[in-house]
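Structure first, then comments.
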Amino acid sequence: MARVVVATAYGGPEVLHLIDVDPGPPGPGQVLLEVRAAGVNPADWKRYSGAWGTDPAKLPMRLGFEASGVVRAVGPGVADVSVGDEVIAYPVDGAYAEQVLVPATSLVPKPPLLSWEKAAGLLLAGATAAHALKATAVGAGDTVLVHGASGGVGAMAVRLAHLKGARVIGTASPANHEYVLDLGATPIAYGPGLERRVREAAPAGVHAVVDTAGTDEALETSIAVVSDLRRVATLAGFARGTQLGIQVLGGVTAKEIAIRAQARHRLVELAAAGRLDVRIAAKYHLSDAAKAHRLGMGGRTPGKIILVPDSVAARGHEHGSAGKAVAADSEPKTDGRGRPGRRRRITRH
Ligand SMILES: NC(=O)c1ccc[n+]([C@@H]2O[C@H](COP(=O)([O-])OP(=O)(O)OC[C@H]3O[C@@H](n4cnc5c(N)ncnc54)[C@H](OP(=O)(O)O)[C@@H]3O)[C@@H](O)[C@H]2O)c1
């Protein structure tokens, strides 16, 4: 049996409970993953909040779209994955678990020097950011505005745009400006006067926008400062974004899913080489998933929130302590020059 987190009703984090589930053997094309860490994303609480519908048939609802872990069993027809492989899994349906069945196509080898926690928080935000930068054709010499630059997706968008040779302006709360600066962007505050601050920070103009905030302020500022609306993309302001004629990236069409899947290998390579960091804001045991969600829903916590199965913590596989914010530098460092994590080698357990 495996302990898994489920939402037993629609509502707030109080509906989250740990239950025991028999994951069963992997079916064709699947593997059984022993989860070492799972990434927390806003979509996790939006799913059971009722904002996306309240279909009772979806309850109890498994949660979590990304994880890192060790392959414990392999189903029929899986050729390139073996028991004992250390992997990153995205997308996953139900990553908040001690064990979960995952399509083999969702797996990417985990570089040995990338911690379980950073690996678990890398791919959803990273692939979303890569997709947004591709959709807005960001390249060297561009000036890019990222709304929500201190968030999981925004931070990835800043780093990836910076690595492409773009200049980045990132909005965040003043308390997070130093973090945004460290990521490689010029930080500015969101709130009244945003358009003026953007123009002051980019007197020669803004070529493209990646919006993770979805507010009217972010969207209206974006269309005011960019002349080509095809180069403005929102990941959060769907209704208003559609009205304004900008790109709305839901990540649900086959094309979008393929773009994100393709982005995973490059993201892992960059992380292994120490060129793309995943800042861990806080880490909680699976049994404290509700606390983790309350922290995430409150915002203002730069970096990723990570869940670690209680059983993993008990066996001493985790780094740092769960249940509280952990400093990013308590994580083991990758080799900044990419050795040996640059090799796409699989470590066996
Ligand atoms: N469409 C997709 O495929 C897709 C995929 C992934 C995520 N998303 C969505 O993208 C959004 C961001 O996700 P995330 O994981 O990056 O969340 P997150 O880590 O919680 O980050 C939220 C960010 O929003 C900023 N923010 C908060 N209030 C703001 C405001 N009024 N104006 C401007 N910025 C504000 C925060 O800045 P401070 O903390 O500095 O205040 C922070 O940078 C969520 O709505 C999520 O559901 C969509």
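Letters A, B, ... go to the chains of the structure tokens in the order shown; residues in each chain start at 1; ligands are counted from 1 in the same order.
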
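For ligand 1, the protein and nucleic acid residues at most 6 Å away, judged by only C-alpha atoms and all ligand atoms, amount to Asn41, Pro42, Ala43, Ala125, Thr128, His147, Gly148, Ala149, Ser150, Gly151, Gly152, Val153, Gly154, Ala172, Ser173, Asn176, Tyr190, Thr212, Ala213, Leu235, Ala236, Leu249, Gly250, Gly251, Gly296, Gly299, Arg300 and Thr301 of chain A.
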
Note to self: Using only C-alpha atoms, which protein or nucleic acid residues come within 12 Å of range 104-108 of chain A? Drop anything in the same chain fewer than 5 positions from it, and give the result as a ChimeraX atom specification.
What the structure shows: /A:26-33,65-71,73-83,85-93,119-120,122-124,257-258,260-269,344-347

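Counting from CA of Met61 in chain A, the distance to CA of Val312 in chain A is 22.8 Å.
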
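Compared by their closest atoms to Ala130 in chain A, and using only C-alpha atoms, the residues A:Ile169, A:Glu178, A:Ile188, A:Ala233 rank with A:Ala233 nearest.
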
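The space separating CA of Leu113 in chain A from CA of Val308 in chain A comes to 18.2 Å.
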
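Residues of range 90-179 of chain A that DSSP places in strand (DSSP E or B), based on the backbone of this structure, are Ala97, Gln99, Val100, Leu101, Val102, Pro103, Leu107, Val108, Pro109, Thr143, Val144, Leu145, Val146, His147, Arg167, Val168, Ile169, Gly170 and Thr171 of chain A.
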
Notebook entry, point to check: Taking only C-alpha atoms into account, which of A:Val210, A:Ala132, A:Ala166, A:Ala218 comes nearest Gly193 in chain A?
Noted result: A:Ala218

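The two atoms in question, CA of Ala97 in chain A and CA of Val5 in chain A, are spaced 6.2 Å apart.
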
Item checked: Contacts of Tyr96 in chain A within 8 Å, only C-alpha atoms, excl. fewer than 4 positions in-chain, as a count of residues only -> 9

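Closest approach to Leu160 in chain A among A:Val100, A:Trp116, A:Arg199, A:Leu270 is made by A:Leu270 (distances from only C-alpha atoms).
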